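The structure appears right after this line, and notes come after that.
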Amino acid sequence: MRNIAALLVFCFVAGAANAQIQVQLKFNRLQYIAYEPLIATVTITNRAGRDIDLRDDGGQSWFGFEVTRNEGQSVGPAAAPDSQPLHIEASKTVTQKINLTPLFPIEDLGAYHVRAHIYFADLGRFFYSPTKVIEVTDARPIWKQSVGVPGSDSASGATRTYSLMTNRFPDHTSLYVRVEDEGRGVVYATYSLGRVIAFDEPHAEIDRENKLHVLHCTAPRTWSYAIVGLNGQLLSRSILLETKLRPHFRRSTDGEIAVLGGMSESAAAHAAQNAVPKLSTRPEKPPGD
């Protein structure tokens, strides 16, 4: 009986310690394209019954992740996440959003097991989130073009390769753009340009400054127009609505790219507000007028 009582006391103390900090980990979806931003949402709830301060201690970062492959192989971090001290009031919850792509080399295709951990220096112990499983895959390439980098030393031969890819998710198909230096094996960016209607191929053009212009149909009579820079930056993105003429590219003699046809969402909304109502929709005149 004495041993059972001691065991119960130990379990109670261990349970209380585990309840000090609750950590939850969430991803928006289960499948990601290699090199795209992989955003982890971590929620931390203070159950210590008092305000706490999370901080690095003795070279130990208070915040981090553990990533393993399906075979149990650990994936070491390429960089440490930002671990600025964090104050959490009693019973309060805070949320952190962290992009794992620059922190871990997880571009190889396959499944990864991820869990977040919090180190609480006051107790000298770790608190862990439940493990989440994500899959890293690659999209189907549909277009590719390599260009030079304007202004770079001709001897260096600096180039960029633009790629457009599609990936089918359970409820939609997304269009992706990737910008890389294939010769050096450097990927500058990979991200989604939004949904795409599968039966309408995207249109791509390179302008005189070697920026990428992409026009694709996102929904019936709705088009997305994006301009992407040489280092993968999204320079602009807008939505065009079809009019009598479908949106399409036209290249000028000096290499500039223009979009003909369609109307921007803001212009369409403005036109709708200023439209003169039809006679059938005008209110009837009051009797006696």
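Residue numbering restarts at 1 for every chain of the structure tokens, chains are lettered A, B, ... in their displayed order, and ligands are numbered from 1 as they appear.
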Compile the contact shell of Ile142 (chain A) as a PDB file with N, CA and C atoms, in the first residue's frame: residues with an atom at most 8 Å away, counting only C-alpha atoms, same-chain residues fewer than 5 positions apart removed.
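Generated file (out31.pdb):
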```pdb
ATOM      1  N   SER A 163      10.241  28.274 -63.405  1.00  0.00           N
ATOM      2  CA  SER A 163       9.444  27.076 -63.690  1.00  0.00           C
ATOM      3  C   SER A 163       8.013  27.307 -63.223  1.00  0.00           C
ATOM      4  N   LEU A 164       7.063  26.850 -64.021  1.00  0.00           N
ATOM      5  CA  LEU A 164       5.662  26.798 -63.612  1.00  0.00           C
ATOM      6  C   LEU A 164       5.287  25.335 -63.438  1.00  0.00           C
ATOM      7  N   MET A 165       4.587  25.039 -62.351  1.00  0.00           N
ATOM      8  CA  MET A 165       4.223  23.667 -62.028  1.00  0.00           C
ATOM      9  C   MET A 165       2.790  23.657 -61.499  1.00  0.00           C
ATOM     10  N   THR A 166       2.137  22.530 -61.600  1.00  0.00           N
ATOM     11  CA  THR A 166       0.809  22.375 -61.026  1.00  0.00           C
ATOM     12  C   THR A 166       0.808  21.202 -60.057  1.00  0.00           C
TER      13      THR A 166
END
```
Open item on the list: Need the shell around region 116-120 of chain A: protein/DNA/RNA residues with any atom at most 8 Å away, counting only C-alpha atoms. Skip same-chain ones fewer than 4 positions apart. Format as a list of chain:residue names?
Closed with: A:Val23, A:Gln24, A:Leu25, A:Val42, A:Leu54, A:Arg55, A:Gln60, A:Ser61, A:Trp62, A:Phe63, A:Gly64, A:Phe65, A:Glu66, A:Gly124, A:Arg125, A:Phe126, A:Phe127, A:Tyr128, A:Ser129, A:Pro130, A:Thr131
Give me, as a Markdown table, each residue of region 127-179 of chain A that comes within 8 Å of region 209-232 of chain A, together with its shortest interatomic pair and the distance in Å at one decimal, counting only C-alpha atoms, with rows ordered by chain and rising residue number.
```
| residue | atom | partner | partner_atom | distance |
| --- | --- | --- | --- | --- |
| A:Val147 | CA | A:Asn210 | CA | 6.6 |
| A:Gly148 | CA | A:Asn210 | CA | 7.4 |
| A:Val149 | CA | A:Leu230 | CA | 7.3 |
| A:Pro150 | CA | A:Glu209 | CA | 6.9 |
| A:Arg160 | CA | A:Leu230 | CA | 6.6 |
| A:Tyr162 | CA | A:Leu212 | CA | 7.5 |
| A:Arg178 | CA | A:Gly232 | CA | 7.2 |
| A:Val179 | CA | A:Gly232 | CA | 5.3 |
```
What does the file look like for those residues with N, CA, C and O atoms, as a tab-separated table (two decimals), in the first residue's frame?
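Now in out-v3.tsv:
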```tsv
chain	number	residue	atom	x	y	z
A	147	VAL	N	17.01	32.43	-67.99
A	147	VAL	CA	17.35	33.77	-68.46
A	147	VAL	C	18.62	34.24	-67.76
A	147	VAL	O	18.99	33.74	-66.70
A	148	GLY	N	19.27	35.23	-68.37
A	148	GLY	CA	20.42	35.84	-67.74
A	148	GLY	C	20.00	36.88	-66.72
A	148	GLY	O	18.86	37.35	-66.72
A	149	VAL	N	20.93	37.25	-65.86
A	149	VAL	CA	20.68	38.28	-64.85
A	149	VAL	C	21.23	39.60	-65.36
A	149	VAL	O	22.45	39.75	-65.49
A	150	PRO	N	20.36	40.57	-65.69
A	150	PRO	CA	20.86	41.85	-66.21
A	150	PRO	C	21.80	42.53	-65.23
A	150	PRO	O	21.57	42.53	-64.02
A	160	ARG	N	19.02	32.63	-64.11
A	160	ARG	CA	17.89	32.21	-63.30
A	160	ARG	C	17.01	31.32	-64.17
A	160	ARG	O	16.88	31.55	-65.38
A	162	TYR	N	13.13	30.03	-64.40
A	162	TYR	CA	11.74	30.10	-63.96
A	162	TYR	C	11.04	28.80	-64.33
A	162	TYR	O	11.21	28.28	-65.44
A	178	ARG	N	8.58	28.54	-59.44
A	178	ARG	CA	9.86	28.31	-58.77
A	178	ARG	C	10.93	29.11	-59.50
A	178	ARG	O	10.95	29.14	-60.74
A	179	VAL	N	11.81	29.76	-58.74
A	179	VAL	CA	12.92	30.51	-59.30
A	179	VAL	C	14.20	29.94	-58.71
A	179	VAL	O	14.33	29.86	-57.47
```
Using backbone DSSP assignments, extract all strand (DSSP E or B) residues from region 8-219 of chain A; output them as an mmCIF file with N, CA and C atoms, in the first residue's frame.
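Produced file result27.cif, reproduced below:
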```
data_model
loop_
_atom_site.group_PDB
_atom_site.id
_atom_site.type_symbol
_atom_site.label_atom_id
_atom_site.label_comp_id
_atom_site.auth_asym_id
_atom_site.auth_seq_id
_atom_site.Cartn_x
_atom_site.Cartn_y
_atom_site.Cartn_z
ATOM 1 N N ILE A 21 2.922 23.837 -18.955
ATOM 2 C CA ILE A 21 2.855 24.481 -20.264
ATOM 3 C C ILE A 21 2.265 23.482 -21.260
ATOM 4 N N GLN A 22 1.258 23.916 -21.992
ATOM 5 C CA GLN A 22 0.669 23.081 -23.037
ATOM 6 C C GLN A 22 1.109 23.619 -24.398
ATOM 7 N N VAL A 23 1.556 22.715 -25.256
ATOM 8 C CA VAL A 23 2.073 23.091 -26.573
ATOM 9 C C VAL A 23 1.288 22.337 -27.640
ATOM 10 N N GLN A 24 0.781 23.076 -28.618
ATOM 11 C CA GLN A 24 0.065 22.477 -29.741
ATOM 12 C C GLN A 24 0.712 22.926 -31.042
ATOM 13 N N LEU A 25 0.731 22.019 -32.020
ATOM 14 C CA LEU A 25 1.340 22.284 -33.325
ATOM 15 C C LEU A 25 0.304 22.025 -34.408
ATOM 16 N N LYS A 26 0.245 22.934 -35.399
ATOM 17 C CA LYS A 26 -0.741 22.795 -36.474
ATOM 18 C C LYS A 26 -0.140 23.229 -37.800
ATOM 19 N N PHE A 27 -0.486 22.495 -38.864
ATOM 20 C CA PHE A 27 -0.167 22.882 -40.234
ATOM 21 C C PHE A 27 -1.478 23.054 -40.988
ATOM 22 N N GLN A 31 0.065 18.187 -47.177
ATOM 23 C CA GLN A 31 0.992 18.029 -48.302
ATOM 24 C C GLN A 31 1.568 19.380 -48.706
ATOM 25 N N TYR A 32 2.881 19.419 -48.927
ATOM 26 C CA TYR A 32 3.578 20.631 -49.340
ATOM 27 C C TYR A 32 4.501 20.322 -50.504
ATOM 28 N N ILE A 33 4.731 21.337 -51.337
ATOM 29 C CA ILE A 33 5.657 21.222 -52.448
ATOM 30 C C ILE A 33 7.068 21.505 -51.937
ATOM 31 N N ILE A 39 4.649 26.631 -43.148
ATOM 32 C CA ILE A 39 4.329 27.426 -41.971
ATOM 33 C C ILE A 39 3.754 26.542 -40.867
ATOM 34 N N ALA A 40 4.441 26.529 -39.743
ATOM 35 C CA ALA A 40 3.974 25.809 -38.553
ATOM 36 C C ALA A 40 3.354 26.819 -37.589
ATOM 37 N N THR A 41 2.167 26.513 -37.124
ATOM 38 C CA THR A 41 1.496 27.353 -36.129
ATOM 39 C C THR A 41 1.606 26.672 -34.769
ATOM 40 N N VAL A 42 2.286 27.332 -33.836
ATOM 41 C CA VAL A 42 2.513 26.774 -32.503
ATOM 42 C C VAL A 42 1.748 27.609 -31.489
ATOM 43 N N THR A 43 0.908 26.962 -30.698
ATOM 44 C CA THR A 43 0.190 27.647 -29.626
ATOM 45 C C THR A 43 0.747 27.182 -28.285
ATOM 46 N N ILE A 44 1.005 28.152 -27.405
ATOM 47 C CA ILE A 44 1.595 27.873 -26.096
ATOM 48 C C ILE A 44 0.642 28.402 -25.038
ATOM 49 N N THR A 45 0.191 27.533 -24.144
ATOM 50 C CA THR A 45 -0.743 27.919 -23.089
ATOM 51 C C THR A 45 -0.070 27.800 -21.735
ATOM 52 N N ASN A 46 -0.146 28.845 -20.953
ATOM 53 C CA ASN A 46 0.465 28.889 -19.626
ATOM 54 C C ASN A 46 -0.504 28.321 -18.593
ATOM 55 N N ILE A 52 4.700 33.589 -16.552
ATOM 56 C CA ILE A 52 5.987 32.937 -16.803
ATOM 57 C C ILE A 52 6.757 33.712 -17.865
ATOM 58 N N ASP A 53 8.063 33.534 -17.865
ATOM 59 C CA ASP A 53 8.948 34.108 -18.875
ATOM 60 C C ASP A 53 9.727 32.980 -19.523
ATOM 61 N N LEU A 54 9.558 32.838 -20.822
ATOM 62 C CA LEU A 54 10.305 31.843 -21.579
ATOM 63 C C LEU A 54 11.531 32.517 -22.165
ATOM 64 N N ASP A 57 18.564 29.716 -21.875
ATOM 65 C CA ASP A 57 19.281 29.552 -20.605
ATOM 66 C C ASP A 57 20.436 28.581 -20.805
ATOM 67 N N GLN A 60 20.844 26.904 -24.058
ATOM 68 C CA GLN A 60 19.682 26.145 -24.515
ATOM 69 C C GLN A 60 18.594 27.112 -24.963
ATOM 70 N N PHE A 63 12.935 27.557 -27.479
ATOM 71 C CA PHE A 63 11.947 27.201 -28.484
ATOM 72 C C PHE A 63 12.625 26.450 -29.617
ATOM 73 N N GLY A 64 12.029 25.370 -30.092
ATOM 74 C CA GLY A 64 12.627 24.638 -31.187
ATOM 75 C C GLY A 64 11.707 23.553 -31.723
ATOM 76 N N PHE A 65 12.222 22.803 -32.702
ATOM 77 C CA PHE A 65 11.462 21.729 -33.341
ATOM 78 C C PHE A 65 12.331 20.481 -33.434
ATOM 79 N N GLU A 66 11.669 19.343 -33.488
ATOM 80 C CA GLU A 66 12.319 18.075 -33.785
ATOM 81 C C GLU A 66 11.682 17.520 -35.053
ATOM 82 N N VAL A 67 12.506 17.192 -36.044
ATOM 83 C CA VAL A 67 12.021 16.687 -37.329
ATOM 84 C C VAL A 67 12.703 15.359 -37.616
ATOM 85 N N THR A 68 11.913 14.344 -37.965
ATOM 86 C CA THR A 68 12.455 13.032 -38.315
ATOM 87 C C THR A 68 11.792 12.531 -39.587
ATOM 88 N N ARG A 69 12.512 11.678 -40.321
ATOM 89 C CA ARG A 69 11.951 11.035 -41.498
ATOM 90 C C ARG A 69 11.155 9.820 -41.068
ATOM 91 N N SER A 74 16.818 11.378 -37.895
ATOM 92 C CA SER A 74 16.664 12.759 -37.446
ATOM 93 C C SER A 74 17.166 13.720 -38.512
ATOM 94 N N LEU A 86 9.872 35.521 -24.227
ATOM 95 C CA LEU A 86 8.423 35.653 -24.349
ATOM 96 C C LEU A 86 7.786 35.608 -22.966
ATOM 97 N N HIS A 87 6.980 36.613 -22.646
ATOM 98 C CA HIS A 87 6.253 36.675 -21.375
ATOM 99 C C HIS A 87 4.815 36.239 -21.631
ATOM 100 N N ILE A 88 4.339 35.279 -20.823
ATOM 101 C CA ILE A 88 2.961 34.800 -20.960
ATOM 102 C C ILE A 88 2.272 34.912 -19.602
ATOM 103 N N THR A 93 -2.890 32.217 -23.691
ATOM 104 C CA THR A 93 -2.348 31.457 -24.809
ATOM 105 C C THR A 93 -1.763 32.408 -25.840
ATOM 106 N N VAL A 94 -0.585 32.102 -26.342
ATOM 107 C CA VAL A 94 0.034 32.889 -27.412
ATOM 108 C C VAL A 94 0.269 31.974 -28.611
ATOM 109 N N THR A 95 0.320 32.580 -29.778
ATOM 110 C CA THR A 95 0.501 31.835 -31.017
ATOM 111 C C THR A 95 1.733 32.338 -31.757
ATOM 112 N N GLN A 96 2.539 31.411 -32.229
ATOM 113 C CA GLN A 96 3.726 31.731 -33.014
ATOM 114 C C GLN A 96 3.597 31.038 -34.367
ATOM 115 N N LYS A 97 3.927 31.771 -35.462
ATOM 116 C CA LYS A 97 3.945 31.196 -36.802
ATOM 117 C C LYS A 97 5.390 31.186 -37.294
ATOM 118 N N ILE A 98 5.884 30.013 -37.633
ATOM 119 C CA ILE A 98 7.286 29.852 -38.011
ATOM 120 C C ILE A 98 7.372 29.125 -39.344
ATOM 121 N N ASN A 99 8.181 29.658 -40.251
ATOM 122 C CA ASN A 99 8.444 29.013 -41.530
ATOM 123 C C ASN A 99 9.591 28.020 -41.350
ATOM 124 N N GLY A 110 9.054 12.949 -49.443
ATOM 125 C CA GLY A 110 8.719 11.927 -48.465
ATOM 126 C C GLY A 110 7.970 12.508 -47.286
ATOM 127 N N ALA A 111 7.720 11.661 -46.282
ATOM 128 C CA ALA A 111 6.990 12.061 -45.080
ATOM 129 C C ALA A 111 7.946 12.502 -43.985
ATOM 130 N N TYR A 112 7.520 13.505 -43.227
ATOM 131 C CA TYR A 112 8.304 14.026 -42.113
ATOM 132 C C TYR A 112 7.415 14.091 -40.867
ATOM 133 N N HIS A 113 8.025 13.740 -39.735
ATOM 134 C CA HIS A 113 7.340 13.833 -38.440
ATOM 135 C C HIS A 113 7.904 15.048 -37.702
ATOM 136 N N VAL A 114 7.009 15.936 -37.300
ATOM 137 C CA VAL A 114 7.436 17.205 -36.705
ATOM 138 C C VAL A 114 6.750 17.385 -35.357
ATOM 139 N N ARG A 115 7.531 17.814 -34.357
ATOM 140 C CA ARG A 115 6.930 18.251 -33.095
ATOM 141 C C ARG A 115 7.712 19.446 -32.571
ATOM 142 N N ALA A 116 7.001 20.336 -31.905
ATOM 143 C CA ALA A 116 7.614 21.526 -31.323
ATOM 144 C C ALA A 116 7.922 21.266 -29.856
ATOM 145 N N HIS A 117 8.964 21.922 -29.344
ATOM 146 C CA HIS A 117 9.270 21.795 -27.921
ATOM 147 C C HIS A 117 9.546 23.168 -27.311
ATOM 148 N N ILE A 118 9.199 23.270 -26.046
ATOM 149 C CA ILE A 118 9.424 24.479 -25.257
ATOM 150 C C ILE A 118 10.299 24.104 -24.062
ATOM 151 N N TYR A 119 11.371 24.861 -23.866
ATOM 152 C CA TYR A 119 12.219 24.647 -22.693
ATOM 153 C C TYR A 119 11.880 25.718 -21.658
ATOM 154 N N PHE A 120 11.433 25.275 -20.479
ATOM 155 C CA PHE A 120 11.064 26.179 -19.391
ATOM 156 C C PHE A 120 12.218 26.200 -18.392
ATOM 157 N N ARG A 125 13.163 21.953 -17.705
ATOM 158 C CA ARG A 125 12.614 20.808 -18.422
ATOM 159 C C ARG A 125 11.923 21.252 -19.708
ATOM 160 N N PHE A 126 11.682 20.255 -20.579
ATOM 161 C CA PHE A 126 11.063 20.495 -21.882
ATOM 162 C C PHE A 126 9.588 20.116 -21.836
ATOM 163 N N PHE A 127 8.805 20.809 -22.669
ATOM 164 C CA PHE A 127 7.409 20.472 -22.898
ATOM 165 C C PHE A 127 7.220 20.319 -24.404
ATOM 166 N N TYR A 128 6.491 19.260 -24.810
ATOM 167 C CA TYR A 128 6.422 18.901 -26.220
ATOM 168 C C TYR A 128 4.989 18.954 -26.737
ATOM 169 N N LYS A 132 3.113 15.852 -35.535
ATOM 170 C CA LYS A 132 2.326 15.972 -36.763
ATOM 171 C C LYS A 132 3.131 15.405 -37.922
ATOM 172 N N VAL A 133 2.431 14.812 -38.879
ATOM 173 C CA VAL A 133 3.079 14.229 -40.054
ATOM 174 C C VAL A 133 2.691 15.048 -41.277
ATOM 175 N N ILE A 134 3.696 15.464 -42.041
ATOM 176 C CA ILE A 134 3.468 16.169 -43.296
ATOM 177 C C ILE A 134 4.201 15.438 -44.409
ATOM 178 N N GLU A 135 3.754 15.662 -45.634
ATOM 179 C CA GLU A 135 4.393 15.029 -46.794
ATOM 180 C C GLU A 135 4.937 16.108 -47.712
ATOM 181 N N VAL A 136 6.190 15.953 -48.111
ATOM 182 C CA VAL A 136 6.813 16.857 -49.069
ATOM 183 C C VAL A 136 6.855 16.148 -50.418
ATOM 184 N N THR A 137 6.288 16.796 -51.419
ATOM 185 C CA THR A 137 6.221 16.213 -52.755
ATOM 186 C C THR A 137 6.647 17.255 -53.765
ATOM 187 N N ARG A 140 3.916 18.944 -60.878
ATOM 188 C CA ARG A 140 4.102 18.553 -62.277
ATOM 189 C C ARG A 140 4.577 19.764 -63.071
ATOM 190 N N PRO A 141 5.763 19.704 -63.674
ATOM 191 C CA PRO A 141 6.251 20.856 -64.455
ATOM 192 C C PRO A 141 5.459 21.030 -65.741
ATOM 193 N N ILE A 142 5.116 22.278 -66.073
ATOM 194 C CA ILE A 142 4.376 22.548 -67.306
ATOM 195 C C ILE A 142 5.064 23.593 -68.176
ATOM 196 N N TRP A 143 6.042 24.334 -67.618
ATOM 197 C CA TRP A 143 6.741 25.364 -68.393
ATOM 198 C C TRP A 143 8.042 25.707 -67.688
ATOM 199 N N LYS A 144 9.087 26.012 -68.502
ATOM 200 C CA LYS A 144 10.397 26.304 -67.917
ATOM 201 C C LYS A 144 11.180 27.205 -68.858
ATOM 202 N N GLN A 145 11.885 28.189 -68.279
ATOM 203 C CA GLN A 145 12.679 29.108 -69.095
ATOM 204 C C GLN A 145 13.851 29.637 -68.274
ATOM 205 N N SER A 146 15.067 29.579 -68.846
ATOM 206 C CA SER A 146 16.258 30.136 -68.197
ATOM 207 C C SER A 146 16.590 31.481 -68.837
ATOM 208 N N VAL A 147 17.014 32.434 -67.986
ATOM 209 C CA VAL A 147 17.352 33.772 -68.461
ATOM 210 C C VAL A 147 18.620 34.239 -67.764
ATOM 211 N N GLY A 148 19.275 35.233 -68.371
ATOM 212 C CA GLY A 148 20.424 35.840 -67.740
ATOM 213 C C GLY A 148 19.998 36.885 -66.724
ATOM 214 N N THR A 159 22.608 33.131 -64.076
ATOM 215 C CA THR A 159 21.324 32.842 -64.716
ATOM 216 C C THR A 159 20.263 32.546 -63.667
ATOM 217 N N ARG A 160 19.024 32.629 -64.108
ATOM 218 C CA ARG A 160 17.888 32.206 -63.301
ATOM 219 C C ARG A 160 17.009 31.319 -64.170
ATOM 220 N N THR A 161 16.397 30.336 -63.558
ATOM 221 C CA THR A 161 15.453 29.474 -64.259
ATOM 222 C C THR A 161 14.088 29.617 -63.606
ATOM 223 N N TYR A 162 13.131 30.033 -64.404
ATOM 224 C CA TYR A 162 11.738 30.101 -63.960
ATOM 225 C C TYR A 162 11.040 28.798 -64.326
ATOM 226 N N SER A 163 10.241 28.274 -63.405
ATOM 227 C CA SER A 163 9.444 27.076 -63.690
ATOM 228 C C SER A 163 8.013 27.307 -63.223
ATOM 229 N N LEU A 164 7.063 26.850 -64.021
ATOM 230 C CA LEU A 164 5.662 26.798 -63.612
ATOM 231 C C LEU A 164 5.287 25.335 -63.438
ATOM 232 N N MET A 165 4.587 25.039 -62.351
ATOM 233 C CA MET A 165 4.223 23.667 -62.028
ATOM 234 C C MET A 165 2.790 23.657 -61.499
ATOM 235 N N THR A 166 2.137 22.530 -61.600
ATOM 236 C CA THR A 166 0.809 22.375 -61.026
ATOM 237 C C THR A 166 0.808 21.202 -60.057
ATOM 238 N N ASN A 167 -0.017 21.316 -59.044
ATOM 239 C CA ASN A 167 -0.177 20.220 -58.100
ATOM 240 C C ASN A 167 -1.654 20.068 -57.768
ATOM 241 N N ARG A 168 -2.120 18.838 -57.816
ATOM 242 C CA ARG A 168 -3.531 18.571 -57.553
ATOM 243 C C ARG A 168 -3.726 18.201 -56.091
ATOM 244 N N THR A 173 -6.709 22.381 -57.855
ATOM 245 C CA THR A 173 -5.367 22.325 -58.436
ATOM 246 C C THR A 173 -4.725 23.694 -58.293
ATOM 247 N N SER A 174 -3.465 23.726 -57.831
ATOM 248 C CA SER A 174 -2.751 24.986 -57.631
ATOM 249 C C SER A 174 -1.623 25.127 -58.641
ATOM 250 N N LEU A 175 -1.373 26.385 -59.031
ATOM 251 C CA LEU A 175 -0.260 26.714 -59.905
ATOM 252 C C LEU A 175 0.888 27.235 -59.056
ATOM 253 N N TYR A 176 2.090 26.695 -59.263
ATOM 254 C CA TYR A 176 3.280 27.083 -58.507
ATOM 255 C C TYR A 176 4.318 27.698 -59.436
ATOM 256 N N VAL A 177 5.096 28.621 -58.885
ATOM 257 C CA VAL A 177 6.248 29.168 -59.579
ATOM 258 C C VAL A 177 7.489 28.865 -58.751
ATOM 259 N N ARG A 178 8.578 28.535 -59.435
ATOM 260 C CA ARG A 178 9.864 28.310 -58.767
ATOM 261 C C ARG A 178 10.933 29.109 -59.504
ATOM 262 N N VAL A 179 11.807 29.762 -58.739
ATOM 263 C CA VAL A 179 12.924 30.509 -59.304
ATOM 264 C C VAL A 179 14.204 29.942 -58.705
ATOM 265 N N GLU A 180 15.145 29.553 -59.559
ATOM 266 C CA GLU A 180 16.361 28.908 -59.064
ATOM 267 C C GLU A 180 17.553 29.210 -59.962
ATOM 268 N N ASP A 181 18.722 28.989 -59.412
ATOM 269 C CA ASP A 181 19.967 28.986 -60.170
ATOM 270 C C ASP A 181 20.372 27.521 -60.275
ATOM 271 N N VAL A 186 20.796 26.457 -56.275
ATOM 272 C CA VAL A 186 20.161 27.352 -55.306
ATOM 273 C C VAL A 186 18.724 27.612 -55.732
ATOM 274 N N VAL A 187 17.777 27.355 -54.842
ATOM 275 C CA VAL A 187 16.372 27.671 -55.082
ATOM 276 C C VAL A 187 16.039 28.943 -54.321
ATOM 277 N N TYR A 188 15.659 29.985 -55.043
ATOM 278 C CA TYR A 188 15.371 31.267 -54.418
ATOM 279 C C TYR A 188 13.954 31.327 -53.849
ATOM 280 N N ALA A 189 13.016 30.697 -54.523
ATOM 281 C CA ALA A 189 11.637 30.750 -54.039
ATOM 282 C C ALA A 189 10.806 29.695 -54.738
ATOM 283 N N THR A 190 9.828 29.170 -54.015
ATOM 284 C CA THR A 190 8.795 28.299 -54.565
ATOM 285 C C THR A 190 7.509 28.637 -53.829
ATOM 286 N N TYR A 191 6.482 29.021 -54.548
ATOM 287 C CA TYR A 191 5.225 29.356 -53.877
ATOM 288 C C TYR A 191 4.067 29.249 -54.864
ATOM 289 N N SER A 192 2.869 29.212 -54.292
ATOM 290 C CA SER A 192 1.661 29.073 -55.102
ATOM 291 C C SER A 192 1.211 30.431 -55.622
ATOM 292 N N LEU A 193 0.778 30.443 -56.866
ATOM 293 C CA LEU A 193 0.159 31.632 -57.454
ATOM 294 C C LEU A 193 -1.356 31.553 -57.396
ATOM 295 N N GLY A 194 -1.877 30.514 -56.751
ATOM 296 C CA GLY A 194 -3.320 30.379 -56.585
ATOM 297 C C GLY A 194 -3.885 29.203 -57.357
ATOM 298 N N ARG A 195 -5.166 29.072 -57.286
ATOM 299 C CA ARG A 195 -5.848 27.975 -57.970
ATOM 300 C C ARG A 195 -5.817 28.180 -59.475
ATOM 301 N N HIS A 203 -0.426 31.181 -69.149
ATOM 302 C CA HIS A 203 0.389 31.864 -70.152
ATOM 303 C C HIS A 203 1.561 32.541 -69.441
ATOM 304 N N ALA A 204 2.757 32.406 -70.001
ATOM 305 C CA ALA A 204 3.965 32.976 -69.384
ATOM 306 C C ALA A 204 4.749 33.748 -70.427
ATOM 307 N N GLU A 205 5.284 34.901 -70.017
ATOM 308 C CA GLU A 205 6.119 35.721 -70.885
ATOM 309 C C GLU A 205 7.253 36.319 -70.051
ATOM 310 N N ILE A 206 8.395 36.544 -70.696
ATOM 311 C CA ILE A 206 9.550 37.191 -70.072
ATOM 312 C C ILE A 206 9.674 38.593 -70.669
ATOM 313 N N LEU A 212 9.343 37.638 -64.967
ATOM 314 C CA LEU A 212 8.350 36.674 -65.444
ATOM 315 C C LEU A 212 6.940 37.234 -65.250
ATOM 316 N N HIS A 213 6.131 37.168 -66.313
ATOM 317 C CA HIS A 213 4.716 37.550 -66.260
ATOM 318 C C HIS A 213 3.883 36.277 -66.439
ATOM 319 N N VAL A 214 2.925 36.069 -65.543
ATOM 320 C CA VAL A 214 2.097 34.858 -65.591
ATOM 321 C C VAL A 214 0.628 35.261 -65.561
ATOM 322 N N LEU A 215 -0.129 34.699 -66.494
ATOM 323 C CA LEU A 215 -1.569 34.945 -66.582
ATOM 324 C C LEU A 215 -2.266 33.593 -66.602
ATOM 325 N N HIS A 216 -3.149 33.360 -65.624
ATOM 326 C CA HIS A 216 -3.837 32.067 -65.608
ATOM 327 C C HIS A 216 -5.261 32.211 -65.100
ATOM 328 N N CYS A 217 -6.097 31.288 -65.533
ATOM 329 C CA CYS A 217 -7.519 31.301 -65.194
ATOM 330 C C CYS A 217 -7.716 30.611 -63.848
ATOM 331 N N THR A 218 -8.300 31.329 -62.893
ATOM 332 C CA THR A 218 -8.490 30.788 -61.546
ATOM 333 C C THR A 218 -9.903 30.270 -61.303
ATOM 334 N N ALA A 219 -10.859 30.758 -62.079
ATOM 335 C CA ALA A 219 -12.266 30.379 -61.964
ATOM 336 C C ALA A 219 -12.945 30.812 -63.253
#
```
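The coordinates place CA of Leu103 (chain A) at 5.2 Å from CA of Ala78 (chain A).
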Open item on the list: List the spatial neighbours of Thr243 (chain A) as a list in words - criterion: any atom at most 7 Å away, only C-alpha atoms, same-chain residues fewer than 5 positions off excluded.
Closed with: Gly261, Gly262 and Met263 of chain A
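Rounded to one decimal, CA of Arg29 (chain A) and CA of Ser83 (chain A) lie 25.1 Å from each other.
Interatomic distance, CA of Ala90 (chain A) against CA of Ala48 (chain A): 6.7 Å.
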- [ ] Enumerate the residues of region 133-289 of chain A with a DSSP assignment of helix (DSSP H, G or I), computed from the backbone, and present them as a PyMOL selection string.
- [x] chain A and resi 265-274+279-281
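Nearest to Asp82 (chain A) of all the residues A:Asp56, A:Lys244, A:Glu107, A:Tyr35 is A:Asp56, counting only C-alpha atoms.
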